[in-house]
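> mmCIF, C-alpha atoms, saved as model.cif, coming up:
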data_target
#
loop_
_atom_site.group_PDB
_atom_site.id
_atom_site.type_symbol
_atom_site.label_atom_id
_atom_site.label_comp_id
_atom_site.auth_asym_id
_atom_site.auth_seq_id
_atom_site.Cartn_x
_atom_site.Cartn_y
_atom_site.Cartn_z
ATOM 1 C CA MET V 1046 0.000 0.000 0.000
ATOM 2 C CA THR V 1047 1.148 3.520 -0.817
ATOM 3 C CA ARG V 1048 0.176 6.801 0.825
ATOM 4 C CA ILE V 1049 -1.061 9.460 -1.593
ATOM 5 C CA ILE V 1050 -3.144 12.645 -1.512
ATOM 6 C CA ARG V 1051 -6.346 12.977 -3.517
ATOM 7 C CA ILE V 1052 -9.353 15.279 -3.590
ATOM 8 C CA HIS V 1053 -12.973 14.123 -3.810
ATOM 9 C CA GLU V 1054 -14.477 17.607 -4.071
ATOM 10 C CA LEU V 1055 -13.529 21.196 -4.816
ATOM 11 C CA GLY V 1056 -12.606 23.503 -1.966
ATOM 12 C CA GLY V 1057 -9.906 24.900 0.274
ATOM 13 C CA PRO V 1058 -6.787 23.122 1.536
ATOM 14 C CA GLU V 1059 -8.934 21.056 3.910
ATOM 15 C CA VAL V 1060 -10.250 18.943 0.986
ATOM 16 C CA LEU V 1061 -6.803 17.348 0.558
ATOM 17 C CA ARG V 1062 -7.264 13.770 1.736
ATOM 18 C CA TYR V 1063 -4.500 11.317 2.675
ATOM 19 C CA GLU V 1064 -5.302 7.809 1.473
ATOM 20 C CA ASP V 1065 -3.571 4.441 1.512
ATOM 21 C CA VAL V 1066 -4.055 2.837 -1.887
ATOM 22 C CA GLU V 1067 -2.616 0.021 -3.953
ATOM 23 C CA LEU V 1068 -1.172 1.501 -7.127
ATOM 24 C CA PRO V 1069 -0.812 -0.594 -10.298
ATOM 25 C CA GLN V 1070 2.588 -1.411 -11.721
ATOM 26 C CA PRO V 1071 3.812 1.030 -14.382
ATOM 27 C CA GLY V 1072 2.622 0.429 -17.918
ATOM 28 C CA PRO V 1073 5.028 -0.403 -20.768
ATOM 29 C CA LYS V 1074 5.968 3.264 -21.317
ATOM 30 C CA GLU V 1075 5.693 4.442 -17.691
ATOM 31 C CA VAL V 1076 8.110 4.947 -14.808
ATOM 32 C CA SER V 1077 7.337 4.721 -11.079
ATOM 33 C CA ILE V 1078 9.337 6.913 -8.728
ATOM 34 C CA ALA V 1079 9.848 6.622 -4.986
ATOM 35 C CA VAL V 1080 9.234 10.289 -4.198
ATOM 36 C CA ARG V 1081 11.670 12.199 -1.983
ATOM 37 C CA ALA V 1082 10.440 15.768 -2.577
ATOM 38 C CA ILE V 1083 7.455 17.496 -4.192
ATOM 39 C CA GLY V 1084 7.388 20.990 -5.658
ATOM 40 C CA LEU V 1085 4.175 22.948 -5.056
ATOM 41 C CA ASN V 1086 2.625 25.192 -7.692
ATOM 42 C CA ARG V 1087 -0.087 27.830 -7.738
ATOM 43 C CA SER V 1088 -1.795 25.819 -10.480
ATOM 44 C CA GLU V 1089 -2.427 22.988 -7.993
ATOM 45 C CA SER V 1090 -4.301 25.363 -5.715
ATOM 46 C CA MET V 1091 -6.320 26.547 -8.720
ATOM 47 C CA PHE V 1092 -7.022 22.929 -9.733
ATOM 48 C CA ARG V 1093 -8.183 22.123 -6.186
ATOM 49 C CA THR V 1094 -10.644 25.040 -6.222
ATOM 50 C CA GLY V 1095 -11.922 24.501 -9.770
ATOM 51 C CA ASN V 1096 -10.195 27.538 -11.290
ATOM 52 C CA HIS V 1097 -7.702 25.654 -13.462
ATOM 53 C CA ILE V 1098 -7.760 24.941 -17.200
ATOM 54 C CA GLU V 1099 -8.066 21.240 -16.336
ATOM 55 C CA ARG V 1100 -11.146 20.145 -14.412
ATOM 56 C CA PRO V 1101 -10.671 17.360 -11.849
ATOM 57 C CA ARG V 1102 -12.315 13.978 -12.284
ATOM 58 C CA PHE V 1103 -12.874 12.674 -8.772
ATOM 59 C CA PRO V 1104 -11.111 11.182 -6.979
ATOM 60 C CA ALA V 1105 -8.299 13.262 -8.445
ATOM 61 C CA ARG V 1106 -4.616 13.291 -7.641
ATOM 62 C CA LEU V 1107 -2.610 16.517 -7.542
ATOM 63 C CA GLY V 1108 0.945 17.550 -8.238
ATOM 64 C CA PHE V 1109 3.018 18.377 -11.295
ATOM 65 C CA GLU V 1110 6.533 18.056 -9.868
ATOM 66 C CA ALA V 1111 8.573 15.607 -7.830
ATOM 67 C CA ALA V 1112 12.062 14.182 -7.476
ATOM 68 C CA GLY V 1113 13.088 10.757 -6.274
ATOM 69 C CA ILE V 1114 14.450 7.344 -7.214
ATOM 70 C CA VAL V 1115 13.246 5.132 -10.058
ATOM 71 C CA SER V 1116 11.565 2.166 -8.352
ATOM 72 C CA ALA V 1117 10.012 0.391 -11.357
ATOM 73 C CA MET V 1118 9.673 0.929 -15.091
ATOM 74 C CA GLY V 1119 7.881 -0.459 -18.094
ATOM 75 C CA SER V 1120 9.464 -2.691 -20.721
ATOM 76 C CA GLU V 1121 9.477 0.009 -23.411
ATOM 77 C CA VAL V 1122 11.267 2.690 -21.358
ATOM 78 C CA SER V 1123 14.869 3.368 -22.353
ATOM 79 C CA GLY V 1124 17.648 5.541 -20.974
ATOM 80 C CA LEU V 1125 16.705 4.964 -17.333
ATOM 81 C CA ALA V 1126 17.375 2.276 -14.739
ATOM 82 C CA VAL V 1127 15.963 1.325 -11.361
ATOM 83 C CA GLY V 1128 17.873 3.324 -8.757
ATOM 84 C CA ASP V 1129 18.446 6.420 -10.942
ATOM 85 C CA ARG V 1130 18.067 9.850 -9.295
ATOM 86 C CA VAL V 1131 15.429 11.619 -11.350
ATOM 87 C CA ALA V 1132 12.937 14.461 -11.482
ATOM 88 C CA ILE V 1133 9.517 14.592 -13.075
ATOM 89 C CA VAL V 1134 9.114 17.160 -15.831
ATOM 90 C CA PRO V 1135 5.514 18.381 -15.435
ATOM 91 C CA PRO V 1136 3.170 16.235 -17.535
ATOM 92 C CA PRO V 1137 0.166 17.911 -19.202
ATOM 93 C CA SER V 1138 -2.443 16.384 -16.853
ATOM 94 C CA VAL V 1139 -2.237 16.902 -13.087
ATOM 95 C CA SER V 1140 -5.263 14.703 -12.406
ATOM 96 C CA LYS V 1141 -4.043 11.700 -14.365
ATOM 97 C CA TRP V 1142 -0.419 11.750 -13.224
ATOM 98 C CA GLY V 1143 -0.324 13.343 -9.798
ATOM 99 C CA THR V 1144 2.859 13.525 -7.742
ATOM 100 C CA TYR V 1145 1.442 14.068 -4.230
ATOM 101 C CA GLY V 1146 2.374 10.747 -2.665
ATOM 102 C CA GLU V 1147 5.058 8.267 -1.736
ATOM 103 C CA ILE V 1148 4.964 6.886 -5.293
ATOM 104 C CA ALA V 1149 4.381 8.770 -8.541
ATOM 105 C CA THR V 1150 3.946 7.070 -11.923
ATOM 106 C CA VAL V 1151 4.303 9.056 -15.159
ATOM 107 C CA PRO V 1152 5.186 8.432 -18.819
ATOM 108 C CA GLY V 1153 8.909 7.828 -19.207
ATOM 109 C CA HIS V 1154 9.518 10.861 -21.434
ATOM 110 C CA TYR V 1155 8.520 13.096 -18.512
ATOM 111 C CA VAL V 1156 11.318 11.702 -16.360
ATOM 112 C CA THR V 1157 14.851 13.081 -16.509
ATOM 113 C CA LYS V 1158 18.045 12.273 -14.628
ATOM 114 C CA ILE V 1159 19.297 15.000 -12.327
ATOM 115 C CA PRO V 1160 22.919 16.117 -11.853
ATOM 116 C CA ASP V 1161 24.686 14.878 -8.719
ATOM 117 C CA ASN V 1162 25.133 18.453 -7.467
ATOM 118 C CA VAL V 1163 21.340 18.976 -7.266
ATOM 119 C CA SER V 1164 19.492 18.063 -4.036
ATOM 120 C CA TRP V 1165 16.063 16.433 -3.864
ATOM 121 C CA THR V 1166 14.405 19.701 -2.870
ATOM 122 C CA GLU V 1167 16.168 21.614 -5.651
ATOM 123 C CA ALA V 1168 15.238 18.988 -8.232
ATOM 124 C CA ALA V 1169 11.581 19.070 -7.155
ATOM 125 C CA ALA V 1170 11.557 22.876 -7.335
ATOM 126 C CA THR V 1171 13.105 23.220 -10.792
ATOM 127 C CA TRP V 1172 10.959 22.007 -13.606
ATOM 128 C CA MET V 1173 7.606 23.779 -13.704
ATOM 129 C CA ALA V 1174 9.224 27.175 -13.216
ATOM 130 C CA ASN V 1175 12.030 26.632 -15.686
ATOM 131 C CA ILE V 1176 9.974 24.911 -18.388
ATOM 132 C CA THR V 1177 7.569 27.859 -18.213
ATOM 133 C CA ALA V 1178 10.351 30.463 -18.221
ATOM 134 C CA TYR V 1179 12.365 28.773 -20.981
ATOM 135 C CA GLY V 1180 9.259 28.117 -23.068
ATOM 136 C CA GLY V 1181 7.904 31.644 -22.812
ATOM 137 C CA LEU V 1182 11.142 33.580 -23.087
ATOM 138 C CA ILE V 1183 13.395 31.567 -25.371
ATOM 139 C CA ASP V 1184 11.261 29.078 -27.299
ATOM 140 C CA LEU V 1185 8.376 31.482 -27.898
ATOM 141 C CA ALA V 1186 9.705 35.073 -27.647
ATOM 142 C CA GLY V 1187 13.209 34.300 -28.926
ATOM 143 C CA LEU V 1188 14.852 36.326 -26.148
ATOM 144 C CA ARG V 1189 18.273 37.589 -27.225
ATOM 145 C CA ARG V 1190 21.426 38.801 -25.519
ATOM 146 C CA ASP V 1191 20.741 42.459 -26.338
ATOM 147 C CA ASP V 1192 17.098 42.376 -25.150
ATOM 148 C CA HIS V 1193 15.498 43.963 -22.129
ATOM 149 C CA VAL V 1194 12.776 41.746 -20.651
ATOM 150 C CA LEU V 1195 10.042 42.853 -18.256
ATOM 151 C CA ILE V 1196 9.290 40.104 -15.690
ATOM 152 C CA LEU V 1197 6.080 40.602 -13.715
ATOM 153 C CA ALA V 1198 5.312 38.809 -10.414
ATOM 154 C CA ALA V 1199 9.072 38.481 -10.273
ATOM 155 C CA SER V 1200 9.239 37.039 -6.745
ATOM 156 C CA SER V 1201 7.237 33.953 -7.746
ATOM 157 C CA SER V 1202 9.095 30.746 -8.546
ATOM 158 C CA VAL V 1203 8.491 31.268 -12.289
ATOM 159 C CA GLY V 1204 9.501 34.920 -12.041
ATOM 160 C CA LEU V 1205 12.766 34.040 -10.315
ATOM 161 C CA ALA V 1206 13.420 31.299 -12.883
ATOM 162 C CA ALA V 1207 12.760 33.847 -15.651
ATOM 163 C CA ILE V 1208 15.390 36.159 -14.166
ATOM 164 C CA GLN V 1209 17.921 33.317 -14.230
ATOM 165 C CA VAL V 1210 16.992 32.227 -17.767
ATOM 166 C CA ALA V 1211 17.321 35.811 -18.992
ATOM 167 C CA LYS V 1212 20.699 36.232 -17.297
ATOM 168 C CA ALA V 1213 21.915 32.881 -18.638
ATOM 169 C CA ILE V 1214 21.710 34.231 -22.190
ATOM 170 C CA GLY V 1215 22.890 37.732 -21.296
ATOM 171 C CA ALA V 1216 19.590 39.657 -21.496
ATOM 172 C CA THR V 1217 18.756 42.509 -19.108
ATOM 173 C CA ALA V 1218 16.116 41.493 -16.559
ATOM 174 C CA ILE V 1219 13.707 44.139 -15.244
ATOM 175 C CA ALA V 1220 11.794 42.646 -12.323
ATOM 176 C CA VAL V 1221 8.364 44.007 -11.423
ATOM 177 C CA THR V 1222 6.963 43.618 -7.913
ATOM 178 C CA ARG V 1223 4.125 45.377 -6.120
ATOM 179 C CA THR V 1224 6.095 47.163 -3.374
ATOM 180 C CA ASP V 1225 9.690 47.851 -2.324
ATOM 181 C CA ALA V 1226 9.594 45.034 0.251
ATOM 182 C CA LYS V 1227 11.211 42.452 -2.029
ATOM 183 C CA LYS V 1228 13.447 44.823 -4.007
ATOM 184 C CA GLU V 1229 16.763 43.879 -2.401
ATOM 185 C CA ALA V 1230 15.925 40.163 -2.553
ATOM 186 C CA LEU V 1231 15.176 40.445 -6.268
ATOM 187 C CA LEU V 1232 18.436 42.283 -6.928
ATOM 188 C CA SER V 1233 20.263 39.569 -4.986
ATOM 189 C CA ALA V 1234 18.452 36.965 -7.098
ATOM 190 C CA GLY V 1235 19.971 38.450 -10.251
ATOM 191 C CA ALA V 1236 17.563 41.121 -11.463
ATOM 192 C CA ASP V 1237 19.329 44.042 -13.125
ATOM 193 C CA HIS V 1238 16.558 46.476 -12.189
ATOM 194 C CA VAL V 1239 13.467 46.330 -9.957
ATOM 195 C CA VAL V 1240 10.286 48.380 -10.397
ATOM 196 C CA ALA V 1241 7.636 48.609 -7.660
ATOM 197 C CA SER V 1242 4.398 48.839 -9.635
ATOM 198 C CA THR V 1243 2.255 50.417 -6.899
ATOM 199 C CA THR V 1244 4.663 53.234 -6.070
ATOM 200 C CA GLU V 1245 6.485 53.857 -9.358
ATOM 201 C CA ASP V 1246 5.465 54.739 -12.903
ATOM 202 C CA LEU V 1247 6.159 51.439 -14.670
ATOM 203 C CA ALA V 1248 6.357 52.803 -18.196
ATOM 204 C CA GLY V 1249 8.413 55.807 -17.088
ATOM 205 C CA ARG V 1250 10.954 53.644 -15.245
ATOM 206 C CA VAL V 1251 11.229 51.292 -18.216
ATOM 207 C CA ARG V 1252 11.861 54.189 -20.594
ATOM 208 C CA GLU V 1253 14.547 55.435 -18.213
ATOM 209 C CA ILE V 1254 16.207 51.993 -18.009
ATOM 210 C CA THR V 1255 16.056 51.304 -21.752
ATOM 211 C CA GLY V 1256 17.015 54.750 -23.013
ATOM 212 C CA ASP V 1257 13.423 55.465 -24.068
ATOM 213 C CA LYS V 1258 13.223 52.338 -26.252
ATOM 214 C CA GLY V 1259 10.969 50.134 -24.109
ATOM 215 C CA VAL V 1260 11.279 46.378 -23.716
ATOM 216 C CA ARG V 1261 10.927 43.934 -26.585
ATOM 217 C CA VAL V 1262 9.675 41.100 -24.342
ATOM 218 C CA ALA V 1263 7.317 41.113 -21.351
ATOM 219 C CA PHE V 1264 6.576 37.969 -19.319
ATOM 220 C CA ASP V 1265 3.236 38.495 -17.603
ATOM 221 C CA PRO V 1266 1.222 36.154 -15.332
ATOM 222 C CA VAL V 1267 -0.789 39.030 -13.831
ATOM 223 C CA ALA V 1268 -2.823 40.695 -16.624
ATOM 224 C CA GLY V 1269 -5.839 42.637 -15.284
ATOM 225 C CA PRO V 1270 -5.900 46.433 -15.586
ATOM 226 C CA GLY V 1271 -2.105 46.508 -15.330
ATOM 227 C CA LEU V 1272 -1.888 45.124 -18.866
ATOM 228 C CA GLU V 1273 -2.330 48.679 -20.135
ATOM 229 C CA LYS V 1274 0.804 49.823 -18.274
ATOM 230 C CA VAL V 1275 2.748 46.862 -19.641
ATOM 231 C CA CYS V 1276 1.776 47.858 -23.188
ATOM 232 C CA GLU V 1277 3.001 51.389 -22.489
ATOM 233 C CA ALA V 1278 6.376 49.959 -21.477
ATOM 234 C CA MET V 1279 6.806 47.934 -24.670
ATOM 235 C CA ALA V 1280 9.072 48.703 -27.599
ATOM 236 C CA ARG V 1281 7.725 48.751 -31.144
ATOM 237 C CA TYR V 1282 6.918 45.216 -32.403
ATOM 238 C CA GLY V 1283 7.374 43.792 -28.910
ATOM 239 C CA ILE V 1284 5.756 40.617 -27.593
ATOM 240 C CA ILE V 1285 3.875 40.144 -24.323
ATOM 241 C CA VAL V 1286 3.846 36.513 -23.213
ATOM 242 C CA ALA V 1287 0.731 36.136 -21.045
ATOM 243 C CA TYR V 1288 0.891 32.956 -18.979
ATOM 244 C CA GLY V 1289 -1.551 33.649 -16.152
ATOM 245 C CA HIS V 1290 -4.288 35.874 -14.748
ATOM 246 C CA LEU V 1291 -3.343 36.535 -11.123
ATOM 247 C CA ASP V 1292 -5.344 39.754 -11.123
ATOM 248 C CA PRO V 1293 -9.008 38.635 -11.241
ATOM 249 C CA ALA V 1294 -10.156 42.018 -12.572
ATOM 250 C CA PRO V 1295 -10.952 42.223 -16.300
ATOM 251 C CA SER V 1296 -8.001 42.782 -18.631
ATOM 252 C CA PRO V 1297 -8.645 45.736 -20.959
ATOM 253 C CA LEU V 1298 -7.390 45.467 -24.513
ATOM 254 C CA PRO V 1299 -5.084 48.501 -25.045
ATOM 255 C CA LEU V 1300 -5.973 48.709 -28.718
ATOM 256 C CA PHE V 1301 -4.208 51.988 -29.510
ATOM 257 C CA ALA V 1302 -0.908 50.705 -28.056
ATOM 258 C CA LEU V 1303 -1.295 47.360 -29.847
ATOM 259 C CA ILE V 1304 -1.928 49.013 -33.192
ATOM 260 C CA GLY V 1305 0.462 51.932 -32.767
ATOM 261 C CA LYS V 1306 3.399 49.779 -31.705
ATOM 262 C CA GLY V 1307 2.502 46.619 -33.632
ATOM 263 C CA LEU V 1308 2.508 44.574 -30.424
ATOM 264 C CA THR V 1309 1.765 40.881 -30.029
ATOM 265 C CA ILE V 1310 0.043 39.433 -26.962
ATOM 266 C CA ARG V 1311 0.639 35.681 -26.954
ATOM 267 C CA GLY V 1312 -1.042 33.274 -24.532
ATOM 268 C CA PHE V 1313 1.200 30.511 -23.202
ATOM 269 C CA THR V 1314 1.235 27.583 -20.773
ATOM 270 C CA PHE V 1315 3.938 25.030 -20.077
ATOM 271 C CA ARG V 1316 1.743 22.395 -21.799
ATOM 272 C CA GLU V 1317 2.722 23.856 -25.153
ATOM 273 C CA ILE V 1318 6.251 22.577 -24.484
ATOM 274 C CA ALA V 1319 5.225 19.420 -22.613
ATOM 275 C CA ILE V 1320 3.174 17.980 -25.496
ATOM 276 C CA ASP V 1321 5.791 18.680 -28.198
ATOM 277 C CA PRO V 1322 8.604 16.085 -27.974
ATOM 278 C CA ALA V 1323 11.209 18.144 -29.840
ATOM 279 C CA ARG V 1324 10.557 21.348 -27.903
ATOM 280 C CA LEU V 1325 10.463 19.421 -24.627
ATOM 281 C CA GLU V 1326 13.853 17.824 -25.305
ATOM 282 C CA ALA V 1327 15.349 21.231 -26.120
ATOM 283 C CA ALA V 1328 13.959 22.649 -22.876
ATOM 284 C CA LYS V 1329 15.265 19.705 -20.841
ATOM 285 C CA ALA V 1330 18.737 20.071 -22.365
ATOM 286 C CA PHE V 1331 18.847 23.798 -21.576
ATOM 287 C CA ILE V 1332 17.704 23.270 -17.981
ATOM 288 C CA VAL V 1333 19.951 20.301 -17.203
ATOM 289 C CA GLU V 1334 22.949 22.234 -18.539
ATOM 290 C CA GLY V 1335 21.968 25.225 -16.400
ATOM 291 C CA LEU V 1336 21.638 23.048 -13.297
ATOM 292 C CA ALA V 1337 24.990 21.411 -13.939
ATOM 293 C CA ASP V 1338 26.891 24.677 -14.394
ATOM 294 C CA GLY V 1339 24.992 26.555 -11.693
ATOM 295 C CA THR V 1340 23.414 29.247 -13.884
ATOM 296 C CA LEU V 1341 19.983 27.861 -12.998
ATOM 297 C CA ARG V 1342 19.271 27.201 -9.330
ATOM 298 C CA PRO V 1343 15.780 27.253 -7.827
ATOM 299 C CA VAL V 1344 15.103 29.699 -4.999
ATOM 300 C CA ILE V 1345 13.360 27.747 -2.234
ATOM 301 C CA ASP V 1346 11.280 29.733 0.225
ATOM 302 C CA ARG V 1347 10.135 27.039 2.657
ATOM 303 C CA VAL V 1348 10.152 23.264 3.046
ATOM 304 C CA PHE V 1349 7.233 21.364 4.599
ATOM 305 C CA ASP V 1350 6.825 17.712 5.519
ATOM 306 C CA PHE V 1351 4.509 15.666 3.308
ATOM 307 C CA GLU V 1352 2.228 15.124 6.277
ATOM 308 C CA ASP V 1353 1.763 18.910 6.503
ATOM 309 C CA MET V 1354 0.548 19.406 2.926
ATOM 310 C CA ILE V 1355 -2.689 21.080 4.023
ATOM 311 C CA GLU V 1356 -0.678 23.709 5.878
ATOM 312 C CA ALA V 1357 1.672 23.972 2.888
ATOM 313 C CA HIS V 1358 -1.318 24.810 0.659
ATOM 314 C CA ARG V 1359 -2.481 27.458 3.102
ATOM 315 C CA TYR V 1360 0.988 28.994 2.959
ATOM 316 C CA LEU V 1361 0.962 28.754 -0.851
ATOM 317 C CA GLU V 1362 -2.224 30.822 -0.919
ATOM 318 C CA SER V 1363 -0.873 33.444 1.503
ATOM 319 C CA ASN V 1364 1.215 35.055 -1.276
ATOM 320 C CA VAL V 1365 4.019 35.901 1.167
ATOM 321 C CA GLN V 1366 6.581 33.467 -0.220
ATOM 322 C CA PHE V 1367 9.697 34.404 -2.173
ATOM 323 C CA GLY V 1368 10.400 31.483 -4.460
ATOM 324 C CA LYS V 1369 9.341 27.852 -4.310
ATOM 325 C CA ILE V 1370 7.527 25.810 -1.666
ATOM 326 C CA VAL V 1371 8.613 22.172 -1.364
ATOM 327 C CA ALA V 1372 7.338 19.195 0.632
ATOM 328 C CA THR V 1373 9.677 16.343 1.545
ATOM 329 C CA VAL V 1374 8.546 12.726 1.732
#
Mind converting the file's structure to structure tokens?

Amino acid sequence: MTRIIRIHELGGPEVLRYEDVELPQPGPKEVSIAVRAIGLNRSESMFRTGNHIERPRFPARLGFEAAGIVSAMGSEVSGLAVGDRVAIVPPPSVSKWGTYGEIATVPGHYVTKIPDNVSWTEAAATWMANITAYGGLIDLAGLRRDDHVLILAASSSVGLAAIQVAKAIGATAIAVTRTDAKKEALLSAGADHVVASTTEDLAGRVREITGDKGVRVAFDPVAGPGLEKVCEAMARYGIIVAYGHLDPAPSPLPLFALIGKGLTIRGFTFREIAIDPARLEAAKAFIVEGLADGTLRPVIDRVFDFEDMIEAHRYLESNVQFGKIVATV
């Protein structure tokens, strides 16, 4: 029997239910992992409350990320062996292949070996953030060495990963946060500039930083009314990669800025990379290389025990964290 977490209804953290179940052996193309650490994501909170792109089919498992040891594998899996230290690259369905448990089973192509210099907690905290950052900035927007990139919600795990991805290729990272409280932490995390959106003129500061040119790329999980300010900060023919809607208020369409500057607003989720084998392999190669040479390193805010996952979800929803939340098994 294996201990896992499932939900049988939508609701707050209290609907997370610990259950002892007998899991089937992995299928021919699947890998089972003895989980050592689990990375938590905002999307799992949204899934639990019914506000995610994917709707749960009860009883539903949760969890996109984990790291651990290969415990069993199907006959058609290659490149891995029982006993390998691995991480799970987020699969496209959280309900079908959840990671909240002592054992997680996923298709083999969503499993990757991790460098020896990476801990369990680091490995579990890496993949969702970096797949999203790599996919949005490099694969989609084609971020270049001479670019300025505007990174909103910069103190989130994806925002911090985006700073590191931008710096890894030599771009200039402009981090956006609500207040000055996290300014020094963001500078220490690698941001070249920090703008506090509630106390500073975003577009004015960006013009000052870029010599009045604006940014070619913006990476935005917030949207809402602030989208208009982001458009003001853009350079001509720039691209806004919208990968979330943290601000529940309606997002106005700044039509004059879009037309006048020839802007593109492009929706994006990590699934776009996860379901494309070639793009996924390119992302994995970039991230593994970054982990090995130290240019990519997840910022971990707090580590919980697996038995405290309900409390971990409450903390996730508090919005006070700087970086990633991890649970150890």
> Each residue of region 1119-1219 of chain V lying at most 8 Å from region 1262-1275 of chain V should get a row with its shortest atom-to-atom pair and the distance in Å to one decimal, counting all atoms listed in the file; could you produce that, ordered by chain and increasing number, as JSON lines?

{"residue": "V:Gly1181", "atom": "CA", "partner": "V:Phe1264", "partner_atom": "CA", "distance": 7.3}
{"residue": "V:Leu1182", "atom": "CA", "partner": "V:Phe1264", "partner_atom": "CA", "distance": 7.4}
{"residue": "V:Ala1186", "atom": "CA", "partner": "V:Val1262", "partner_atom": "CA", "distance": 6.9}
{"residue": "V:Leu1188", "atom": "CA", "partner": "V:Val1262", "partner_atom": "CA", "distance": 7.3}
{"residue": "V:Asp1192", "atom": "CA", "partner": "V:Val1262", "partner_atom": "CA", "distance": 7.6}
{"residue": "V:His1193", "atom": "CA", "partner": "V:Val1262", "partner_atom": "CA", "distance": 6.9}
{"residue": "V:Val1194", "atom": "CA", "partner": "V:Val1262", "partner_atom": "CA", "distance": 4.9}
{"residue": "V:Leu1195", "atom": "CA", "partner": "V:Ala1263", "partner_atom": "CA", "distance": 4.5}
{"residue": "V:Ile1196", "atom": "CA", "partner": "V:Phe1264", "partner_atom": "CA", "distance": 5.0}
{"residue": "V:Leu1197", "atom": "CA", "partner": "V:Asp1265", "partner_atom": "CA", "distance": 5.3}
{"residue": "V:Ala1198", "atom": "CA", "partner": "V:Pro1266", "partner_atom": "CA", "distance": 6.9}
> Please report, as CSV, each residue of region 1134-1184 of chain V lying at most 7 Å from region 1075-1096 of chain V, together with the nearest pair of atoms and the separation in Å rounded to one decimal; use all atoms listed in the file, and order rows by chain and ascending residue number.

residue,atom,partner,partner_atom,distance
V:Tyr1145,CA,V:Ile1083,CA,6.9
V:Glu1147,CA,V:Val1080,CA,5.3
V:Ile1148,CA,V:Ala1079,CA,4.9
V:Ala1149,CA,V:Ile1078,CA,5.3
V:Thr1150,CA,V:Ser1077,CA,4.2
V:Val1151,CA,V:Glu1075,CA,5.4
V:Pro1152,CA,V:Glu1075,CA,4.2
V:Gly1153,CA,V:Glu1075,CA,4.9
V:Trp1165,CA,V:Ala1082,CA,5.8
V:Thr1166,CA,V:Ala1082,CA,5.6
V:Ala1169,CA,V:Gly1084,CA,4.8
V:Ala1170,CA,V:Gly1084,CA,4.9
> Quick one: pull the distance between CA of Val1066 (chain V) and CA of His1097 (chain V), Å, one decimal.
25.8 Å
> For the structure shown, which residues end up in the PyMOL selection byres ((chain V and resi 1116-1118) around 8)? Put them as number ranges by chain, please?
V: 1070-1079, 1114-1115, 1119-1120, 1122, 1126-1128
> From the set V:Gly1113, V:Pro1322, V:Pro1136, V:Gly1335, which residue has the shortest atom-to-atom contact distance to Asn1175 (chain V), counting all atoms listed in the file?
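Once distances to Asn1175 (chain V) are computed over all atoms listed in the file, the minimum belongs to V:Gly1335.
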> Leaving out Ile1304 (chain V) and any residue of its chain fewer than 5 positions from it, which residues lie within 10 Å of it when counting all atoms listed in the file, given as a PDB file with C-alpha atoms, in the coordinates of the input?

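The resulting file, result-v5.pdb, is shown below:
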ATOM      1  CA  ARG V1281       7.725  48.751 -31.144  1.00  0.00           C
ATOM      2  CA  TYR V1282       6.918  45.216 -32.403  1.00  0.00           C
ATOM      3  CA  PRO V1299      -5.084  48.501 -25.045  1.00  0.00           C
ATOM      4  CA  THR V1309       1.765  40.881 -30.029  1.00  0.00           C
TER       5      THR V1309
END
> How far is it from CA of Ile1208 (chain V) to CA of Lys1306 (chain V), in Å with one decimal?
25.2 Å
> Starting from the displayed file, determine the output of the PyMOL selection byres ((chain V and resi 1203-1206) around 10) and express the residue list as number ranges by chain.
V: 1086, 1171-1179, 1196-1202, 1207-1212, 1220-1222, 1231, 1234-1236, 1264-1266, 1341-1344, 1367-1369
> Do you know which residues are at most 6 Å from region 1139-1143 of chain V counting all atoms listed in the file, after dropping those on the same chain fewer than 2 positions away, and could you put them as a PyMOL selection string?
chain V and resi 1105-1109+1145+1151
> Take the PyMOL selection byres ((chain V and resi 1324-1329) around 8), run it mentally on this structure, and tell me the resulting residues as a list in words.
Thr1157, Ile1176, Tyr1179, Gly1180, Asp1184, Ile1318, Ala1319, Ile1320, Asp1321, Pro1322, Ala1323, Ala1330, Phe1331, Ile1332 and Val1333 of chain V
> Hey, which of V:Pro1069, V:Pro1058, V:Pro1160, V:Gly1124 ends up closest to Ala1337 (chain V)? Count all atoms listed in the file.
V:Pro1160
> In terms of the shortest atom-to-atom distance over all atoms listed in the file, which of V:Asp1338, V:Asp1246, V:Asp1237, V:Asp1065 is closest to Ala1278 (chain V)?
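Answer, going by the shortest atom-to-atom distance: V:Asp1246.
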> One number please: CA of Gly1289 (chain V) to CA of His1154 (chain V), in Å, one decimal.
25.9 Å
> Near Glu1245 (chain V), within 10 Å and counting all atoms listed in the file, which residues show up once chain neighbours fewer than 5 positions away are dropped, as number ranges by chain?
V: 1223-1225, 1240, 1250
> Nearest to Val1060 (chain V) among V:Phe1103, V:Ile1285, V:Lys1258, V:Ala1241, with distances taken over all atoms listed in the file: which residue is it?
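That would be V:Phe1103, the residue with the smallest distance to Val1060 (chain V).
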> Taking all atoms listed in the file into account, which of V:Glu1099, V:Gly1307, V:Lys1158, V:Thr1244 comes nearest Ala1112 (chain V)?
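The answer is V:Lys1158, which sits nearest to Ala1112 (chain V).
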> Which of these residues is nearest to Pro1297 (chain V), using all atoms listed in the file: V:Val1365, V:Ala1248, V:Cys1276, V:Arg1190?
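Ranking V:Val1365, V:Ala1248, V:Cys1276, V:Arg1190 by distance to Pro1297 (chain V), first place goes to V:Cys1276.
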